[in-house]
Structure formats: structure tokens, C-alpha cells
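Coordinates as given in work-v3.txt (compact mmCIF, C-alpha atoms):
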```
# COMPACT_ATOMS: atom_id res chain seq x y z
CA MET A 974 -8.76 -98.10 -6.92
CA LYS A 975 -10.99 -100.37 -4.85
CA HIS A 976 -10.83 -101.25 -1.17
CA TRP A 977 -11.09 -104.65 0.46
CA LEU A 978 -10.92 -106.47 3.76
CA VAL A 979 -9.37 -109.89 4.37
CA LYS A 980 -9.67 -111.94 7.52
CA SER A 981 -7.09 -114.15 9.15
CA GLU A 982 -7.00 -115.96 12.44
CA PRO A 983 -3.86 -114.62 14.14
CA PHE A 984 -2.69 -118.06 15.27
CA LYS A 985 -2.68 -119.13 11.59
CA TYR A 986 -1.29 -115.94 10.03
CA SER A 987 -0.95 -112.72 11.99
CA TRP A 988 -0.25 -109.15 10.97
CA ASP A 989 3.11 -109.38 12.78
CA GLN A 990 4.07 -112.44 10.71
CA PHE A 991 2.93 -110.64 7.55
CA LEU A 992 5.19 -107.71 8.42
CA LYS A 993 8.13 -110.10 8.86
CA ASP A 994 7.36 -111.89 5.57
CA LYS A 995 7.00 -108.58 3.68
CA LYS A 996 4.77 -110.31 1.11
CA THR A 997 2.46 -113.31 0.88
CA PHE A 998 -0.03 -114.96 -1.40
CA TRP A 999 -3.52 -114.98 0.08
CA ASP A 1000 -4.54 -118.63 -0.03
CA GLY A 1001 -7.04 -120.95 1.59
CA VAL A 1002 -10.13 -119.23 0.20
CA ARG A 1003 -12.75 -121.92 -0.43
CA ASN A 1004 -15.89 -119.83 -0.79
CA TYR A 1005 -17.03 -118.75 -4.25
CA GLN A 1006 -18.07 -115.23 -3.23
CA ALA A 1007 -14.72 -114.66 -1.49
CA ARG A 1008 -12.92 -116.16 -4.51
CA ASN A 1009 -14.78 -113.78 -6.84
CA ASN A 1010 -13.65 -110.89 -4.63
CA LEU A 1011 -10.03 -112.06 -4.99
CA LYS A 1012 -10.52 -112.14 -8.76
CA ALA A 1013 -11.82 -108.56 -8.69
CA MET A 1014 -8.74 -107.21 -6.88
CA LYS A 1015 -6.38 -105.10 -8.96
CA LYS A 1016 -2.75 -104.22 -8.43
CA GLY A 1017 -2.55 -101.21 -6.12
CA ASP A 1018 -5.89 -101.81 -4.37
CA LEU A 1019 -5.76 -101.34 -0.59
CA VAL A 1020 -6.77 -104.19 1.69
CA MET A 1021 -7.59 -103.97 5.40
CA PHE A 1022 -6.20 -106.86 7.46
CA TYR A 1023 -8.62 -108.16 10.10
CA HIS A 1024 -7.73 -110.54 12.93
CA SER A 1025 -10.69 -112.88 13.30
CA ASN A 1026 -11.65 -115.08 16.26
CA GLU A 1027 -8.85 -113.71 18.49
CA GLY A 1028 -8.84 -109.95 18.80
CA LYS A 1029 -11.58 -109.28 16.25
CA HIS A 1030 -10.03 -106.08 15.01
CA ILE A 1031 -8.54 -104.44 11.94
CA VAL A 1032 -4.83 -104.00 12.51
CA GLY A 1033 -3.29 -102.89 9.24
CA ILE A 1034 -3.50 -102.15 5.55
CA ALA A 1035 -1.97 -104.21 2.77
CA LYS A 1036 -1.61 -103.51 -0.92
CA VAL A 1037 -2.36 -105.88 -3.80
CA VAL A 1038 0.97 -106.41 -5.56
CA LYS A 1039 -0.06 -109.20 -7.95
CA GLU A 1040 -3.50 -109.95 -9.35
CA PHE A 1041 -5.15 -113.36 -9.11
CA TYR A 1042 -3.55 -116.60 -10.25
CA GLN A 1043 -4.03 -120.31 -9.54
CA ASP A 1044 -3.79 -121.18 -5.84
CA PRO A 1045 -0.49 -123.09 -5.58
CA THR A 1046 -1.74 -125.03 -2.54
CA THR A 1047 -4.29 -126.99 -4.61
CA THR A 1048 -4.68 -128.53 -8.06
CA ASP A 1049 -8.36 -127.52 -8.11
CA THR A 1050 -8.55 -124.75 -10.72
CA ASN A 1051 -11.58 -123.18 -9.00
CA TRP A 1052 -9.36 -121.52 -6.41
CA VAL A 1053 -7.09 -118.50 -6.79
CA VAL A 1054 -4.77 -116.30 -4.75
CA VAL A 1055 -3.49 -112.73 -4.94
CA ASP A 1056 -0.17 -111.43 -3.66
CA LEU A 1057 -0.34 -108.89 -0.85
CA ALA A 1058 2.34 -106.77 0.77
CA PRO A 1059 2.02 -104.79 4.02
CA PHE A 1060 1.36 -101.10 3.43
CA LYS A 1061 1.00 -99.73 6.97
CA SER A 1062 -0.03 -100.66 10.47
CA LEU A 1063 -2.98 -98.82 11.94
CA LYS A 1064 -2.15 -96.44 14.78
CA LYS A 1065 -4.83 -98.17 16.87
CA PRO A 1066 -6.69 -101.40 16.02
CA VAL A 1067 -10.36 -100.91 15.15
CA THR A 1068 -12.48 -103.52 16.87
CA LEU A 1069 -15.54 -105.27 15.52
CA GLU A 1070 -17.42 -103.85 18.50
CA ASP A 1071 -16.44 -100.30 17.48
CA ILE A 1072 -17.44 -100.97 13.87
CA LYS A 1073 -20.85 -102.30 14.92
CA ALA A 1074 -21.39 -99.23 17.12
CA ASP A 1075 -20.61 -96.74 14.33
CA SER A 1076 -23.70 -95.63 12.40
CA LYS A 1077 -21.61 -94.89 9.29
CA LEU A 1078 -20.59 -98.57 9.11
CA GLY A 1079 -24.02 -100.14 9.52
CA ASN A 1080 -23.97 -101.81 6.09
CA ILE A 1081 -20.35 -102.99 6.10
CA ALA A 1082 -19.95 -106.58 4.89
CA LEU A 1083 -17.95 -107.43 8.02
CA VAL A 1084 -21.17 -107.00 9.99
CA LYS A 1085 -23.70 -108.17 7.38
CA GLN A 1086 -21.73 -111.20 6.13
CA GLY A 1087 -19.50 -112.01 9.08
CA ARG A 1088 -18.30 -115.39 7.79
CA LEU A 1089 -17.04 -114.05 4.45
CA SER A 1090 -13.22 -114.01 4.46
CA VAL A 1091 -12.60 -111.58 1.57
CA MET A 1092 -15.00 -108.67 1.13
CA PRO A 1093 -15.24 -105.29 -0.56
CA LEU A 1094 -15.34 -101.98 1.29
CA ASN A 1095 -16.55 -98.79 -0.28
CA GLY A 1096 -14.39 -95.68 -0.05
CA SER A 1097 -16.36 -94.07 2.76
CA GLU A 1098 -16.23 -97.26 4.87
CA PHE A 1099 -12.48 -97.52 4.32
CA ASP A 1100 -11.95 -93.84 5.19
CA ARG A 1101 -14.13 -94.09 8.32
CA ILE A 1102 -12.13 -97.06 9.62
CA ILE A 1103 -8.91 -95.08 9.07
CA GLU A 1104 -10.43 -92.17 11.03
CA MET A 1105 -11.40 -94.51 13.86
CA SER A 1106 -7.85 -95.88 14.02
CA GLU A 1107 -6.53 -92.36 14.57
CA GLU A 1108 -9.01 -91.24 17.25
```
Same coordinates, now as C-alpha cells:
Amino acid sequence: MKHWLVKSEPFKYSWDQFLKDKKTFWDGVRNYQARNNLKAMKKGDLVMFYHSNEGKHIVGIAKVVKEFYQDPTTTDTNWVVVDLAPFKSLKKPVTLEDIKADSKLGNIALVKQGRLSVMPLNGSEFDRIIEMSEE
């Protein structure tokens, strides 16, 4: 199993809305690196949900429930989506500020490639963020 992080501006699609919807396809990705990350996701992978711009914090964990397929919002075959379902809310949001301050997360893509909307996390990064949400 791999771990990922996706970013969403809460005014466009929030964690609370995701919880109400119970499932969504992750669309709107128009960056090739982010698209390739969507293509690499496998059913059962865990995905951290990050509120960007407003809040700037990780608020929950989703699970990949369907692997990539053509993005239904466009006819351009370059773009794909995956289906995600909420897995669990974090006990406490983990802020970007906290992530930047943690020496164990110095190489996390969220810090190194801040504009990337879909990014991988290694297992230790994922586990550390979980620990931080429980402190």
C-alpha cells in the first residue's frame, strides 16, 4: 500500500462536504506530475486530505476506492480521476506550519513542491503526521 496527499481549497470542496458525499471522484487535476500520481494510486491506498489556501492543514484520511479512469469533466484524454471515500477524520488538524517545523518532515513534497495538488508520502511521513494529529 502507498500513501498520498491531495489538496483542495475548502471553499471549492471541503472535508465536511466530502464526509457528506461519502465518495467523490478527484477531478480538476491539470498538471502532468499530479496526473501521474493519480495514475499510480491503487485501490486501498490511503490519502491525506489537505485544505489549501484557507486553513492550510491536513484534516482527514481518504481511501482510494477506484483506480484511475478518464476525467468525466473533460473530453481531453490526458486527464484522469480516481474515486476516493472518507476513511477517518484526524483528531486534530496538522498545520503546514507544524509540518515545516518538524525535522522528520523536512523532505515532504508538501513543503518541497507546494503547488503540486496530488503527491506521494512515504510511510514514515504518513505515520508522523498521524502522530502529530494525536498529540
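Between atom CA of A:Leu1019 and atom CA of A:Asp1044 the separation is 20.6 Å.
The closest residue to A:Phe1099, picked from A:Ile1031, A:Val1053, A:Ala1007, A:Val1038 and counting only C-alpha atoms, is A:Ile1031.
Using only C-alpha atoms, the smallest distance between any of A:Glu1104, A:Arg1008, A:Gly1028, A:Glu1070 and A:Thr1050 comes from A:Arg1008.
Going from atom CA of A:Met1092 over to atom CA of A:Val979, you cover 6.6 Å.
If only C-alpha atoms are the atoms counted, then among A:Leu1057, A:Ser981, A:Thr1046, A:Val1037 the closest residue to A:Asp994 is A:Leu1057.
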If we count all atoms listed in the file and set the cut-off at 12 Å, which residues sit around A:Thr1047, ignoring sequence neighbours fewer than 3 positions away in its own chain? Please answer as a ChimeraX atom specification.
/A:1000-1003,1042-1044,1050-1054
With C-alpha atoms retained, export the selected residues as a compact mmCIF listing (two decimals), keeping the file's coordinate frame.
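Final output, saved to selection-v5.txt:
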```txt
# COMPACT_ATOMS: atom_id res chain seq x y z
CA ASP A 1000 -4.54 -118.63 -0.03
CA GLY A 1001 -7.04 -120.95 1.59
CA VAL A 1002 -10.13 -119.23 0.20
CA ARG A 1003 -12.75 -121.92 -0.43
CA TYR A 1042 -3.55 -116.60 -10.25
CA GLN A 1043 -4.03 -120.31 -9.54
CA ASP A 1044 -3.79 -121.18 -5.84
CA THR A 1050 -8.55 -124.75 -10.72
CA ASN A 1051 -11.58 -123.18 -9.00
CA TRP A 1052 -9.36 -121.52 -6.41
CA VAL A 1053 -7.09 -118.50 -6.79
CA VAL A 1054 -4.77 -116.30 -4.75
```
Using only C-alpha atoms, list the residues that have an atom at most 6 Å from (-18.7, -107.2, 13.2), coordinates as in the file, as a PyMOL selection string.
chain A and resi 1069+1073+1083-1084
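Here atom CA of A:Tyr986 stands at a distance of 23.0 Å from atom CA of A:Asp1071.
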For A:Ile1103, the closest of A:Phe998, A:Met1021, A:Gly1087, A:Glu1027 counting all atoms listed in the file is A:Met1021
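Distances here use all atoms listed in the file; by that measure, the residue among A:Pro1059, A:Leu1078, A:Lys1085, A:Asn1026 closest to A:Asp1100 is A:Leu1078.
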Which protein, DNA or RNA residues have an atom at most 10 Å from (-2.8, -99.7, 14.7), counting all atoms listed in the file? List them as a PyMOL selection string.
chain A and resi 1030-1034+1061-1067+1103+1106-1107
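Within the 8 Å cut-off around A:Val1020, using all atoms listed in the file and omitting residues fewer than 2 positions from it on the same chain, the listed residues are His976, Trp977, Leu978, Val979, Asp1018, Phe1022, Ile1034, Ala1035, Lys1036 and Val1037 of chain A.
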Can you fill out stretch 1023-1050 of chain A with N, CA and C atoms and hand it back as a PDB file, in the frame of the given file?
```
ATOM      1  N   TYR A1023      -7.797-107.961   8.909  1.00  0.00           N
ATOM      2  CA  TYR A1023      -8.620-108.160  10.100  1.00  0.00           C
ATOM      3  C   TYR A1023      -8.245-109.450  10.809  1.00  0.00           C
ATOM      4  N   HIS A1024      -7.970-109.347  12.106  1.00  0.00           N
ATOM      5  CA  HIS A1024      -7.730-110.540  12.930  1.00  0.00           C
ATOM      6  C   HIS A1024      -9.082-111.080  13.375  1.00  0.00           C
ATOM      7  N   SER A1025      -9.424-112.278  12.922  1.00  0.00           N
ATOM      8  CA  SER A1025     -10.690-112.880  13.300  1.00  0.00           C
ATOM      9  C   SER A1025     -10.498-113.836  14.469  1.00  0.00           C
ATOM     10  N   ASN A1026     -11.597-114.184  15.105  1.00  0.00           N
ATOM     11  CA  ASN A1026     -11.650-115.080  16.260  1.00  0.00           C
ATOM     12  C   ASN A1026     -10.912-114.522  17.471  1.00  0.00           C
ATOM     13  N   GLU A1027      -9.603-114.330  17.391  1.00  0.00           N
ATOM     14  CA  GLU A1027      -8.850-113.710  18.490  1.00  0.00           C
ATOM     15  C   GLU A1027      -8.643-112.243  18.152  1.00  0.00           C
ATOM     16  N   GLY A1028      -9.035-111.374  19.025  1.00  0.00           N
ATOM     17  CA  GLY A1028      -8.840-109.950  18.800  1.00  0.00           C
ATOM     18  C   GLY A1028     -10.034-109.296  18.142  1.00  0.00           C
ATOM     19  N   LYS A1029     -10.459-109.838  17.023  1.00  0.00           N
ATOM     20  CA  LYS A1029     -11.580-109.280  16.250  1.00  0.00           C
ATOM     21  C   LYS A1029     -11.392-107.789  16.020  1.00  0.00           C
ATOM     22  N   HIS A1030     -10.302-107.472  15.319  1.00  0.00           N
ATOM     23  CA  HIS A1030     -10.030-106.080  15.010  1.00  0.00           C
ATOM     24  C   HIS A1030      -9.205-105.946  13.728  1.00  0.00           C
ATOM     25  N   ILE A1031      -9.345-104.776  13.114  1.00  0.00           N
ATOM     26  CA  ILE A1031      -8.540-104.440  11.940  1.00  0.00           C
ATOM     27  C   ILE A1031      -7.244-103.851  12.446  1.00  0.00           C
ATOM     28  N   VAL A1032      -6.127-104.397  11.966  1.00  0.00           N
ATOM     29  CA  VAL A1032      -4.830-104.000  12.510  1.00  0.00           C
ATOM     30  C   VAL A1032      -3.910-103.324  11.511  1.00  0.00           C
ATOM     31  N   GLY A1033      -4.194-103.468  10.223  1.00  0.00           N
ATOM     32  CA  GLY A1033      -3.290-102.890   9.240  1.00  0.00           C
ATOM     33  C   GLY A1033      -3.887-102.842   7.855  1.00  0.00           C
ATOM     34  N   ILE A1034      -3.102-102.277   6.952  1.00  0.00           N
ATOM     35  CA  ILE A1034      -3.500-102.150   5.550  1.00  0.00           C
ATOM     36  C   ILE A1034      -2.417-102.770   4.685  1.00  0.00           C
ATOM     37  N   ALA A1035      -2.861-103.586   3.749  1.00  0.00           N
ATOM     38  CA  ALA A1035      -1.970-104.210   2.770  1.00  0.00           C
ATOM     39  C   ALA A1035      -2.280-103.619   1.400  1.00  0.00           C
ATOM     40  N   LYS A1036      -1.418-103.944   0.458  1.00  0.00           N
ATOM     41  CA  LYS A1036      -1.610-103.510  -0.920  1.00  0.00           C
ATOM     42  C   LYS A1036      -1.546-104.748  -1.815  1.00  0.00           C
ATOM     43  N   VAL A1037      -2.419-104.796  -2.812  1.00  0.00           N
ATOM     44  CA  VAL A1037      -2.360-105.880  -3.800  1.00  0.00           C
ATOM     45  C   VAL A1037      -1.149-105.611  -4.686  1.00  0.00           C
ATOM     46  N   VAL A1038      -0.227-106.575  -4.742  1.00  0.00           N
ATOM     47  CA  VAL A1038       0.970-106.410  -5.560  1.00  0.00           C
ATOM     48  C   VAL A1038       0.988-107.341  -6.769  1.00  0.00           C
ATOM     49  N   LYS A1039       0.089-108.331  -6.786  1.00  0.00           N
ATOM     50  CA  LYS A1039      -0.060-109.200  -7.950  1.00  0.00           C
ATOM     51  C   LYS A1039      -1.501-109.675  -8.005  1.00  0.00           C
ATOM     52  N   GLU A1040      -2.108-109.545  -9.173  1.00  0.00           N
ATOM     53  CA  GLU A1040      -3.500-109.950  -9.350  1.00  0.00           C
ATOM     54  C   GLU A1040      -3.625-111.465  -9.361  1.00  0.00           C
ATOM     55  N   PHE A1041      -4.861-111.950  -9.360  1.00  0.00           N
ATOM     56  CA  PHE A1041      -5.150-113.360  -9.110  1.00  0.00           C
ATOM     57  C   PHE A1041      -4.454-114.309 -10.074  1.00  0.00           C
ATOM     58  N   TYR A1042      -4.116-115.474  -9.507  1.00  0.00           N
ATOM     59  CA  TYR A1042      -3.550-116.600 -10.250  1.00  0.00           C
ATOM     60  C   TYR A1042      -3.923-117.875  -9.507  1.00  0.00           C
ATOM     61  N   GLN A1043      -3.667-119.009 -10.117  1.00  0.00           N
ATOM     62  CA  GLN A1043      -4.030-120.310  -9.540  1.00  0.00           C
ATOM     63  C   GLN A1043      -3.436-120.472  -8.137  1.00  0.00           C
ATOM     64  N   ASP A1044      -4.246-120.918  -7.199  1.00  0.00           N
ATOM     65  CA  ASP A1044      -3.790-121.180  -5.840  1.00  0.00           C
ATOM     66  C   ASP A1044      -2.779-122.325  -5.872  1.00  0.00           C
ATOM     67  N   PRO A1045      -1.522-122.060  -5.508  1.00  0.00           N
ATOM     68  CA  PRO A1045      -0.490-123.090  -5.580  1.00  0.00           C
ATOM     69  C   PRO A1045      -0.633-124.193  -4.520  1.00  0.00           C
ATOM     70  N   THR A1046      -1.570-124.023  -3.580  1.00  0.00           N
ATOM     71  CA  THR A1046      -1.740-125.030  -2.540  1.00  0.00           C
ATOM     72  C   THR A1046      -2.745-126.115  -2.936  1.00  0.00           C
ATOM     73  N   THR A1047      -3.324-126.003  -4.152  1.00  0.00           N
ATOM     74  CA  THR A1047      -4.290-126.990  -4.610  1.00  0.00           C
ATOM     75  C   THR A1047      -4.221-127.145  -6.122  1.00  0.00           C
ATOM     76  N   THR A1048      -4.609-128.309  -6.605  1.00  0.00           N
ATOM     77  CA  THR A1048      -4.680-128.530  -8.060  1.00  0.00           C
ATOM     78  C   THR A1048      -6.071-128.202  -8.597  1.00  0.00           C
ATOM     79  N   ASP A1049      -7.006-127.883  -7.706  1.00  0.00           N
ATOM     80  CA  ASP A1049      -8.360-127.520  -8.110  1.00  0.00           C
ATOM     81  C   ASP A1049      -8.342-126.124  -8.722  1.00  0.00           C
ATOM     82  N   THR A1050      -8.643-126.023 -10.006  1.00  0.00           N
ATOM     83  CA  THR A1050      -8.550-124.750 -10.720  1.00  0.00           C
ATOM     84  C   THR A1050      -9.638-123.745 -10.345  1.00  0.00           C
TER      85      THR A1050
END
```
